[in-house]
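Novice: My structure file work-v4.txt, compact mmCIF, C-alpha atoms, is below:
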# COMPACT_ATOMS: atom_id res chain seq x y z
CA MET A 30 -13.09 -1.31 -28.95
CA PRO A 31 -13.58 -2.39 -25.30
CA GLU A 32 -14.25 -6.09 -24.77
CA PRO A 33 -16.70 -7.43 -22.18
CA GLU A 34 -13.76 -8.51 -20.01
CA ASP A 35 -12.31 -4.99 -19.96
CA LYS A 36 -13.44 -3.91 -16.54
CA ALA A 37 -12.02 -3.24 -13.11
CA LEU A 38 -11.63 -6.12 -10.67
CA PHE A 39 -13.23 -6.00 -7.25
CA ALA A 40 -10.79 -6.07 -4.32
CA ASP A 41 -11.86 -7.06 -0.82
CA GLU A 42 -10.05 -8.09 2.32
CA PHE A 43 -9.91 -11.85 2.80
CA THR A 44 -12.54 -13.19 5.22
CA PRO A 45 -13.73 -16.66 6.25
CA ASP A 46 -16.63 -16.19 3.83
CA ASP A 47 -14.16 -16.46 0.93
CA LEU A 48 -12.97 -19.94 1.89
CA PRO A 49 -15.61 -21.99 0.02
CA PHE A 50 -14.76 -20.15 -3.21
CA LEU A 51 -11.02 -20.69 -2.79
CA ALA A 52 -11.60 -24.40 -3.32
CA ASN A 53 -11.71 -23.72 -7.07
CA LEU A 54 -8.62 -21.52 -7.17
CA ASP A 55 -5.81 -23.03 -9.24
CA CYS A 56 -2.73 -20.88 -9.73
CA GLY A 57 -0.99 -23.46 -11.94
CA ASP A 58 1.21 -26.56 -11.96
CA GLU A 59 4.65 -25.13 -11.32
CA ALA A 60 5.97 -25.61 -7.77
CA TRP A 61 5.70 -21.87 -7.04
CA SER A 62 2.17 -21.74 -8.43
CA ARG A 63 1.12 -24.72 -6.33
CA ALA A 64 2.74 -23.00 -3.34
CA ALA A 65 0.63 -19.88 -4.01
CA THR A 66 -2.56 -21.96 -4.12
CA GLU A 67 -1.50 -23.88 -1.02
CA TRP A 68 -0.59 -20.68 0.84
CA ILE A 69 -4.03 -19.11 0.46
CA CYS A 70 -5.95 -22.38 0.81
CA GLY A 71 -3.82 -23.86 3.62
CA SER A 72 -2.77 -22.81 7.09
CA ASP A 73 0.02 -20.44 6.01
CA VAL A 74 -2.28 -17.52 5.25
CA ILE A 75 -3.80 -17.75 8.71
CA ASP A 76 -0.37 -18.03 10.35
CA SER A 77 0.80 -15.03 8.37
CA ILE A 78 -2.23 -12.96 9.39
CA GLY A 79 -2.00 -14.10 13.00
CA LYS A 80 1.73 -13.80 13.51
CA HIS A 81 2.69 -10.94 11.23
CA GLY A 82 -0.47 -8.91 10.78
CA THR A 83 -0.52 -9.63 7.05
CA THR A 84 -3.36 -8.08 5.05
CA VAL A 85 -4.73 -10.25 2.25
CA TRP A 86 -6.98 -9.13 -0.60
CA ILE A 87 -9.15 -11.33 -2.77
CA TYR A 88 -9.88 -10.20 -6.31
CA ARG A 89 -13.02 -10.99 -8.26
CA HIS A 90 -13.99 -9.85 -11.72
CA CYS A 91 -17.70 -9.53 -11.16
CA GLU A 92 -19.94 -8.25 -8.42
CA ALA A 93 -22.37 -11.10 -8.88
CA ASP A 94 -19.97 -13.99 -9.52
CA ASP A 95 -18.10 -15.23 -6.44
CA SER A 96 -15.32 -16.99 -8.34
CA ILE A 97 -11.88 -15.72 -7.46
CA VAL A 98 -9.41 -14.28 -9.98
CA GLY A 99 -6.47 -14.03 -7.60
CA PHE A 100 -5.14 -12.73 -4.34
CA ALA A 101 -2.34 -10.55 -2.98
CA SER A 102 -0.88 -9.95 0.46
CA LEU A 103 1.11 -7.31 2.26
CA SER A 104 3.04 -7.55 5.49
CA ALA A 105 6.25 -6.39 7.12
CA THR A 106 9.36 -8.48 7.58
CA GLY A 107 10.63 -9.28 11.04
CA TRP A 108 13.06 -6.96 12.81
CA LEU A 109 16.33 -6.28 11.06
CA ARG A 110 19.11 -4.51 12.90
CA TRP A 111 20.33 -1.56 10.93
CA PRO A 112 23.15 -0.98 10.48
CA PRO A 113 24.45 -4.28 11.88
CA PRO A 114 25.63 -5.21 14.43
CA ASP A 115 24.44 -2.45 16.80
CA GLY A 116 22.06 -0.27 14.84
CA LYS A 117 18.39 0.34 15.44
CA LYS A 118 15.80 -2.25 14.50
CA CYS A 119 13.63 -1.72 11.49
CA ARG A 120 11.30 -3.61 9.17
CA LEU A 121 10.77 -3.76 5.43
CA LEU A 122 7.41 -4.01 3.72
CA TYR A 123 6.99 -7.48 2.28
CA ILE A 124 4.65 -9.22 -0.17
CA PRO A 125 4.47 -12.78 1.23
CA GLN A 126 2.42 -14.22 -1.65
CA LEU A 127 0.53 -13.16 -4.72
CA GLY A 128 -1.44 -15.52 -6.95
CA LEU A 129 -3.49 -15.43 -10.12
CA ASP A 130 -5.77 -18.26 -11.16
CA ARG A 131 -4.31 -19.96 -14.26
CA ARG A 132 -7.56 -19.33 -16.20
CA TYR A 133 -6.98 -15.60 -15.95
CA ARG A 134 -3.30 -15.51 -16.96
CA GLY A 135 -2.67 -13.06 -19.84
CA LYS A 136 -6.28 -11.91 -19.79
CA PRO A 137 -7.91 -9.75 -20.92
CA SER A 138 -5.87 -8.70 -23.93
CA SER A 139 -6.07 -5.01 -23.03
CA HIS A 140 -2.97 -4.02 -21.04
CA ASP A 141 -4.98 -1.56 -18.93
CA PHE A 142 -7.37 -4.21 -17.74
CA ARG A 143 -4.93 -7.15 -17.63
CA TYR A 144 -5.76 -8.90 -14.34
CA SER A 145 -2.14 -9.29 -13.25
CA ASN A 146 -1.59 -5.54 -13.78
CA GLN A 147 -4.73 -4.62 -11.86
CA ILE A 148 -3.71 -6.86 -8.95
CA ILE A 149 -0.20 -5.47 -8.65
CA GLU A 150 -1.18 -1.84 -9.20
CA TYR A 151 -3.78 -2.09 -6.46
CA LEU A 152 -1.22 -3.77 -4.18
CA LEU A 153 1.35 -1.03 -4.85
CA GLY A 154 -1.24 1.58 -3.91
CA GLN A 155 -1.97 -0.28 -0.67
CA ALA A 156 1.77 -0.63 0.08
CA LYS A 157 2.26 3.11 -0.35
CA ARG A 158 -0.68 3.79 1.91
CA ALA A 159 0.66 1.35 4.52
CA ALA A 160 4.12 2.96 4.44
CA GLU A 161 2.61 6.42 4.90
CA GLN A 162 0.47 5.18 7.78
CA ILE A 163 3.47 3.52 9.47
CA ARG A 164 5.44 6.72 9.17
CA GLU A 165 2.63 8.64 10.86
CA ASP A 166 2.10 6.05 13.60
CA LYS A 167 5.73 5.26 14.37
CA PRO A 168 7.84 8.38 14.33
CA PRO A 169 10.98 6.63 15.66
CA LYS A 170 11.75 5.51 12.13
CA LYS A 171 11.04 1.87 12.67
CA HIS A 172 10.20 1.08 9.06
CA VAL A 173 11.99 1.35 5.78
CA GLU A 174 9.99 2.48 2.79
CA LEU A 175 11.24 -0.39 0.73
CA LEU A 176 8.79 -2.93 -0.64
CA THR A 177 10.27 -6.42 -0.95
CA LEU A 178 9.15 -9.75 -2.33
CA ARG A 179 10.63 -13.10 -3.21
CA VAL A 180 10.25 -14.86 -6.52
CA HIS A 181 11.37 -18.30 -7.65
CA ARG A 182 14.49 -18.09 -9.80
CA ASP A 183 12.72 -20.02 -12.59
CA ASN A 184 9.55 -17.92 -12.51
CA ILE A 185 10.64 -15.61 -15.31
CA PRO A 186 7.16 -14.20 -16.21
CA ALA A 187 6.69 -13.00 -12.61
CA GLN A 188 10.19 -11.49 -12.53
CA LYS A 189 9.42 -9.58 -15.73
CA LEU A 190 6.10 -8.38 -14.37
CA TYR A 191 7.74 -7.03 -11.21
CA GLN A 192 10.54 -5.45 -13.21
CA ARG A 193 7.97 -3.61 -15.35
CA TYR A 194 6.77 -1.99 -12.14
CA GLY A 195 10.26 -0.93 -11.10
CA PHE A 196 11.32 -3.79 -8.82
CA LYS A 197 15.02 -4.61 -8.87
CA PHE A 198 16.86 -7.63 -7.54
CA LEU A 199 18.12 -7.39 -3.96
CA PRO A 200 21.32 -9.41 -3.82
CA ALA A 201 22.45 -11.32 -0.71
CA PHE A 202 18.85 -12.12 0.29
CA ASP A 203 18.53 -15.07 -2.11
CA GLU A 204 17.46 -18.24 -0.32
CA ASN A 205 16.11 -21.63 -1.29
CA ASP A 206 15.93 -20.99 -5.05
CA HIS A 207 14.18 -17.68 -4.47
CA LEU A 208 15.47 -14.28 -5.50
CA ALA A 209 14.59 -11.20 -3.48
CA MET A 210 13.38 -8.06 -5.23
CA GLN A 211 12.89 -4.54 -3.92
CA LEU A 212 11.14 -1.33 -4.85
CA PRO A 213 11.75 1.95 -2.98
CA LEU A 214 8.35 3.53 -2.46
CA ALA A 215 7.93 7.17 -3.40
CA LEU A 216 5.72 8.59 -0.69
CA ASP A 217 3.92 11.89 -0.80
CA SER A 218 5.91 13.65 1.91
CA PRO A 219 9.63 14.33 1.66
CA SER A 220 11.54 12.32 4.29
CA ARG A 221 12.57 8.69 3.95
CA ALA A 222 12.03 6.50 7.01
CA MET A 223 15.62 5.52 7.55
CA ASP A 224 18.61 7.74 7.92
CA LEU A 225 21.52 6.44 5.94
CA MET B 5 38.18 -11.10 26.38
CA SER B 6 39.98 -14.15 25.00
CA ILE B 7 40.63 -17.24 27.10
CA SER B 8 43.68 -19.37 26.37
CA SER B 9 43.45 -21.92 29.20
CA LEU B 10 40.75 -23.39 31.41
CA ASN B 11 42.34 -21.73 34.46
CA GLU B 12 41.35 -18.38 33.07
CA ILE B 13 37.67 -19.23 33.08
CA PRO B 14 36.07 -17.63 36.14
CA SER B 15 35.01 -20.19 38.74
CA ASP B 16 31.55 -18.64 38.71
CA ALA B 17 31.22 -19.74 35.10
CA PHE B 18 32.14 -23.34 36.03
CA ARG B 19 29.62 -23.29 38.86
CA ALA B 20 26.98 -21.94 36.50
CA VAL B 21 27.65 -24.75 34.00
CA LEU B 22 27.56 -27.44 36.70
CA SER B 23 24.32 -26.15 38.18
CA ILE B 24 22.25 -26.15 35.01
CA SER B 25 19.22 -28.36 35.10
CA ALA B 26 18.48 -31.37 32.89
CA GLU B 27 15.96 -29.25 30.98
CA GLN B 28 18.52 -26.55 30.35
CA ARG B 29 21.04 -29.17 29.18
CA ASP B 30 18.40 -30.55 26.85
CA PHE B 31 17.74 -27.05 25.56
CA ILE B 32 21.44 -26.52 24.82
CA HIS B 33 21.59 -29.91 23.14
CA LYS B 34 18.66 -29.05 20.89
CA TYR B 35 20.22 -25.71 20.07
CA MET B 36 23.52 -27.34 19.12
CA GLU B 37 21.70 -29.77 16.83
CA CYS B 38 20.23 -26.92 14.78
CA SER B 39 21.69 -25.50 11.62
CA ASP B 40 23.66 -22.24 11.76
CA GLU B 41 20.65 -20.38 10.37
CA VAL B 42 18.29 -21.71 13.03
CA GLN B 43 20.86 -20.96 15.75
CA SER B 44 21.09 -17.42 14.43
CA VAL B 45 17.31 -17.04 14.57
CA VAL B 46 17.23 -18.38 18.15
CA ARG B 47 19.97 -15.95 19.23
CA SER B 48 18.16 -13.02 17.66
CA MET B 49 14.93 -14.10 19.40
CA PHE B 50 16.70 -14.00 22.77
CA ALA B 51 17.91 -10.51 21.92
CA VAL B 52 14.28 -9.54 21.21
CA ILE B 53 13.13 -11.07 24.53
CA ASP B 54 15.89 -9.27 26.45
CA SER B 55 15.29 -5.89 24.90
CA GLU B 56 13.51 -3.40 27.14
CA HIS B 57 11.84 -1.96 24.03
CA THR B 58 10.12 -5.23 23.10
CA THR B 59 6.34 -5.27 23.45
CA ASP B 60 4.57 -8.16 25.16
CA ASP B 61 3.18 -9.31 21.80
CA ASP B 62 6.61 -9.36 20.18
CA ARG B 63 8.06 -11.15 23.21
CA HIS B 64 5.31 -13.75 22.99
CA ARG B 65 6.07 -14.23 19.28
CA ALA B 66 9.78 -14.53 20.03
CA PHE B 67 9.09 -17.30 22.57
CA ALA B 68 6.85 -19.05 20.05
CA THR B 69 9.56 -18.84 17.39
CA ILE B 70 12.17 -20.35 19.73
CA ALA B 71 9.78 -23.09 20.76
CA ASP B 72 9.05 -23.82 17.11
CA ALA B 73 12.70 -23.75 16.05
CA LEU B 74 13.86 -26.07 18.83
CA HIS B 75 10.73 -28.22 18.99
CA LEU B 76 10.30 -27.50 22.70
CA ASN B 77 7.53 -29.28 24.48
CA PRO B 78 6.75 -28.16 28.00
CA GLU B 79 4.52 -31.16 28.64
CA GLU B 80 7.68 -33.25 28.55
CA GLY B 81 9.69 -30.90 30.68
CA HIS B 82 11.49 -29.08 27.87
CA GLY B 83 9.59 -25.86 27.96
CA SER B 84 11.33 -23.78 30.56
CA TYR B 85 12.17 -21.15 27.96
CA GLY B 86 8.81 -20.80 26.30
CA LEU B 87 5.52 -22.19 25.23
CA ASP B 88 4.74 -25.27 23.25
CA PHE B 89 4.13 -24.26 19.67
CA ARG B 90 1.45 -26.83 18.89
CA LYS B 91 -0.37 -26.08 22.12
CA SER B 92 -0.17 -22.38 21.35
CA GLN B 93 -1.61 -23.00 17.88
CA THR B 94 -4.49 -24.94 19.39
CA GLU B 95 -5.07 -22.10 21.82
CA ILE B 96 -4.98 -19.60 18.96
CA ALA B 97 -7.61 -21.68 17.16
CA ALA B 98 -9.83 -21.80 20.22
CA LYS B 99 -9.36 -18.15 21.19
CA HIS B 100 -9.22 -16.50 17.78
CA PRO B 101 -10.83 -13.08 18.21
CA ASP B 102 -13.14 -13.68 15.26
CA PRO B 103 -15.31 -16.73 16.06
CA ALA B 104 -15.83 -17.26 12.33
CA TRP B 105 -12.13 -18.16 11.97
CA ARG B 106 -11.99 -20.66 14.86
CA PRO B 107 -13.29 -23.78 13.10
CA ILE B 108 -11.23 -22.91 10.03
CA VAL B 109 -8.01 -22.49 11.99
CA ALA B 110 -8.72 -25.74 13.82
CA ASP B 111 -9.37 -27.47 10.50
CA ARG B 112 -6.08 -26.22 9.04
CA HIS B 113 -4.20 -27.50 12.08
CA ALA B 114 -5.89 -30.84 11.61
CA GLN B 115 -4.51 -30.85 8.05
CA MET B 116 -1.00 -30.23 9.38
CA ASP B 117 -1.48 -33.00 11.87
CA SER B 118 -2.53 -35.33 9.10
CA GLN B 119 0.59 -34.47 7.03
CA GLU B 120 2.80 -35.27 10.02
CA SER B 121 0.92 -38.46 10.68
CA THR B 122 1.38 -39.63 7.08
CA PHE B 123 5.08 -38.81 7.28
CA ALA B 124 5.51 -40.70 10.54
CA ASP B 125 3.64 -43.74 9.21
CA ARG B 126 5.74 -43.82 6.06
CA VAL B 127 9.06 -43.56 7.91
CA LYS B 128 8.02 -46.24 10.39
CA ALA B 129 7.00 -48.55 7.55
CA ILE B 130 10.33 -48.03 5.74
CA LEU B 131 12.29 -48.60 8.96
CA GLN B 132 10.45 -51.85 9.49
CA GLN B 133 10.89 -52.91 5.87
CA LYS B 134 14.64 -52.17 5.97
CA ASN B 135 14.99 -53.62 9.45
CA LEU B 136 16.41 -50.39 10.86
CA THR B 137 15.98 -48.89 14.31
CA GLN B 138 15.27 -45.25 15.12
CA GLU B 139 18.73 -45.08 16.66
CA GLU B 140 20.36 -46.26 13.45
CA LEU B 141 18.36 -43.72 11.45
CA ALA B 142 19.36 -41.00 13.92
CA GLU B 143 23.01 -41.95 13.47
CA ARG B 144 22.70 -41.79 9.68
CA ILE B 145 21.16 -38.31 9.73
CA ASP B 146 23.41 -37.04 12.48
CA CYS B 147 20.83 -36.32 15.16
CA THR B 148 19.65 -37.94 18.38
CA GLN B 149 17.29 -40.88 18.69
CA SER B 150 15.13 -38.62 20.83
CA ALA B 151 14.72 -36.15 17.93
CA VAL B 152 13.71 -38.98 15.57
CA SER B 153 11.33 -40.35 18.15
CA LYS B 154 9.66 -36.95 18.55
CA MET B 155 9.12 -36.62 14.82
CA LEU B 156 7.71 -40.13 14.55
CA SER B 157 5.44 -39.63 17.52
CA ARG B 158 4.35 -36.30 15.97
CA LYS B 159 5.59 -34.19 18.84
CA SER B 160 7.63 -32.10 16.44
CA ARG B 161 7.29 -31.15 12.80
CA PRO B 162 10.28 -32.17 10.65
CA GLN B 163 12.15 -29.48 8.78
CA ARG B 164 12.61 -29.88 5.03
CA LYS B 165 16.35 -30.49 5.35
CA THR B 166 15.69 -33.23 7.89
CA ILE B 167 13.28 -34.90 5.46
CA LEU B 168 15.93 -34.69 2.72
CA LYS B 169 18.55 -36.23 5.02
CA MET B 170 16.14 -39.00 6.01
CA ALA B 171 15.32 -39.72 2.37
CA THR B 172 19.03 -40.08 1.58
CA ALA B 173 19.61 -42.20 4.67
CA LEU B 174 16.70 -44.48 3.80
CA ASN B 175 17.50 -44.51 0.07
CA VAL B 176 14.05 -43.34 -1.00
CA GLU B 177 12.77 -40.31 -2.88
CA PRO B 178 11.99 -37.37 -0.53
CA THR B 179 8.45 -37.32 -1.91
CA ALA B 180 8.03 -40.88 -0.68
CA LEU B 181 8.25 -39.41 2.83
CA TRP B 182 6.52 -36.05 2.33
CA PRO B 183 4.51 -35.44 -0.85
CA ASP B 184 5.04 -32.11 -2.55
CA LEU B 185 8.18 -31.31 -0.63
CA ASP B 186 9.04 -28.53 -3.11
CA VAL B 187 5.85 -26.71 -2.23
CA ALA B 188 6.47 -27.23 1.48
CA ALA B 189 9.96 -25.76 1.02
CA ILE B 190 8.61 -22.66 -0.74
CA LEU B 191 6.00 -22.15 1.98
CA ASP B 192 8.63 -22.58 4.73
CA SER B 193 10.86 -20.15 2.97
CA THR B 194 8.04 -17.60 2.55
CA ALA B 195 7.35 -17.79 6.28
CA GLU B 196 11.05 -17.63 7.20
CA PHE B 197 11.49 -14.34 5.36
CA SER B 198 9.00 -12.86 7.84
CA ASN B 199 11.13 -13.81 10.84
CA ASP B 200 13.46 -11.49 12.70
CA ARG B 201 17.03 -11.78 11.51
CA GLU B 202 20.51 -10.42 11.94
CA LEU B 203 21.64 -8.86 8.69
CA THR B 204 24.89 -10.06 7.20
CA ALA B 205 27.38 -7.48 5.97
CA ALA B 206 26.45 -8.33 2.37
CA GLN B 207 22.73 -7.90 3.11
CA ALA B 208 23.35 -4.58 4.83
CA GLU B 209 25.32 -3.39 1.82
CA ALA B 210 22.58 -4.53 -0.59
CA LEU B 211 19.95 -2.71 1.46
CA GLY B 212 22.09 0.39 1.62
CA THR B 213 22.43 0.40 -2.16
CA ALA B 214 18.68 -0.16 -2.62
CA LEU B 215 17.82 2.67 -0.25
CA SER B 216 20.19 5.07 -1.95
CA GLN B 217 18.13 4.79 -5.14
CA ARG B 218 15.75 7.59 -5.91
CA PRO B 219 12.26 6.17 -5.39
CA ALA B 220 10.35 6.10 -8.64
CA GLN B 221 6.69 7.01 -8.96
CA VAL B 222 4.92 3.79 -9.90
CA LYS B 223 1.49 3.31 -11.33
CA THR B 224 -1.08 2.48 -8.66
CA ARG B 225 -4.82 2.11 -8.89
CA GLU B 226 -7.89 1.91 -6.73
CA LEU B 227 -10.35 -0.91 -7.25
CA PRO B 228 -14.00 -1.07 -6.22
CA SER B 229 -15.03 -3.22 -3.30
CA ARG B 230 -17.94 -5.67 -3.18
CA ALA B 231 -18.40 -4.98 0.52
CA GLY B 232 -21.98 -4.30 1.46
CA ARG B 233 -23.36 -5.63 -1.81
Can the structure in the file be given as structure tokens, please?
Specialist:
Amino acid sequence: MPEPEDKALFADEFTPDDLPFLANLDCGDEAWSRAATEWICGSDVIDSIGKHGTTVWIYRHCEADDSIVGFASLSATGWLRWPPPDGKKCRLLYIPQLGLDRRYRGKPSSHDFRYSNQIIEYLLGQAKRAAEQIREDKPPKKHVELLTLRVHRDNIPAQKLYQRYGFKFLPAFDENDHLAMQLPLALDSPSRAMDL
Amino acid sequence: MSISSLNEIPSDAFRAVLSISAEQRDFIHKYMECSDEVQSVVRSMFAVIDSEHTTDDDRHRAFATIADALHLNPEEGHGSYGLDFRKSQTEIAAKHPDPAWRPIVADRHAQMDSQESTFADRVKAILQQKNLTQEELAERIDCTQSAVSKMLSRKSRPQRKTILKMATALNVEPTALWPDLDVAAILDSTAEFSNDRELTAAQAEALGTALSQRPAQVKTRELPSRAGR
């Protein structure tokens, strides 16, 4: 039987109007959770939007209630030369940060409406759309249809969540206690962005 | 070309070295003080600037990255290669295309300023308490007195590894200098992943393997928007 919490979140692009409501966001006590809270509440989100064109979404569970369930972001990495040392330059899609308020962890009990699942499934849809748009806009194959993210090596619940959605570890990109993960995006049309 | 003796170096190269300005020497000095990773970023930024395919926006960002990495400050005569990062941030705050963001961006920069100010005050207090000079601290952390002075006068933002070195040199906990250093490190690292980089052979191989996988269809979903409510 559906519970009152079993409903779709609302997703909207981050705007200055969201800032007063972010004051109550608390992603948790672990260093990576505090970093997620700090990223969206501090200057990093603005730097990321300004310097890298990052798109950020804010999730709420109710149309009337302004309190924030979580947030997600999508960007592209800087230029990578492929193949090194003299290949063309390309970018990977990148999730700079994703956060869920600690009060909404593991909720609701229904897997279909679990907030973390809704957030990531929406983000994956947006990543696919972004990759398809890039392919249309930039025919010279400047982007790789590979979605990447970084996760703290001790953040096992997040690693398991990403693995459930098909992410695999990307060796050799590990830095500062963070592991890199990747997911090749299956787009609707046949060609992949990068010739191998 | 490999050079086995000084005589083989073209005289033009000697002349070029002798004719560099004090600012250029300072730039090279700052570059040499950086870690291998930062040096690699700076080199790749110059490649971006030199490329005929680089857009003006990307070139501007490359200059800003170099200025940030090397703590260049044109107001002190160090900025011949680019713009001052802090000044550029202030300009971004003032000229942000959406006026609604301007006070917020300015406020966030004030927060950063306050963090640096707290750090500088704490280091100065410890130096005084331990009867140490900036020069002695610089020696202990293997950098120049000028670099220490810039951090303490808040003309440059210290990197996490510099804070760790300072903490060791001063025999205090890193958090005594910069609270929540772990969080700062994660945020720095998140931002660094967005920077341009030269791939290593191992990274290229890992990417090649990842891209050779058959992409799987993953579950996605649309969510309603509250826009226009």
Novice: Once you count all atoms listed in the file, which residues of chain A turn out to be within 7 Å of chain B? Could you give them as a ChimeraX atom specification?
Specialist: /A:37-41,45,60-61,63-64,68,71-72,92,106-110,112-113,125,150-151,153-154,194,199-202,205,213-215
Novice: Mind pulling up the distance from CA of Leu175 in chain A to CA of Leu212 in chain A?
Specialist: 5.7 Å
Novice: A:Trp86, A:Tyr191, A:Phe43, A:Trp111: which is nearest Ser145 in chain A, counting only C-alpha atoms?
Specialist: A:Tyr191
Novice: Using Å and a single decimal, report how far CA of Leu152 in chain A sits from CA of Ala101 in chain A.
Specialist: 7.0 Å
Novice: Write out as a list in words each polymer residue whose atoms come within 7 Å of range 47-51 of chain A, counting all atoms listed in the file; drop sequence neighbours fewer than 5 positions from it.
Specialist: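 Once the adjacent positions are removed, what remains is Cys70, Asp95, Ser96 and Ile97 of chain A.
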Novice: As a PyMOL selection string, please: the residues near Ala171 in chain B (cut-off 12 Å, all atoms listed in the file, same-chain neighbours under 2 positions excluded).
Specialist: chain B and resi 123+126-127+130-131+141+144-145+164-169+173-182+185
Novice: Under the rule that all atoms listed in the file are counted, which of A:Ile87, A:Ile149, A:Leu208, A:Leu121 is the nearest residue to Asn184 in chain A?
Specialist: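 Answer, going by the shortest atom-to-atom distance: A:Leu208.
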Novice: Leaving out Ala66 in chain B and any residue of its chain fewer than 6 positions from it, which residues lie within 12 Å of it when counting all atoms listed in the file, given as a list in words?
Specialist: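 Within the cut-off, the hits are Lys80, His81, Gly107 and Trp108 of chain A; Val45, Val46, Arg47, Ser48, Met49, Phe50, Ala51, Val52, Ile53, Asp54, Ser55, Thr58, Thr59, Asp60, Asp72, Ala73, Tyr85, Gly86, Leu87, Phe89, Asn199, Asp200 and Arg201 of chain B.
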Novice: Applying 10 Å and all atoms listed in the file, which residues near Asp55 in chain A remain after dropping the ones on its own chain fewer than 3 positions away? List them as a ChimeraX atom specification.
Specialist: /A:51-52,58,62-63,65-67,97-99,128-132
Novice: Using only C-alpha atoms, which of A:Lys157, A:Arg164, A:Arg89, A:Lys189 sits nearest Leu54 in chain A?
Specialist: A:Arg89
Novice: To one decimal place in Å, what is the distance between CA of Gly79 in chain A and CA of Pro162 in chain B?
Specialist: 22.0 Å
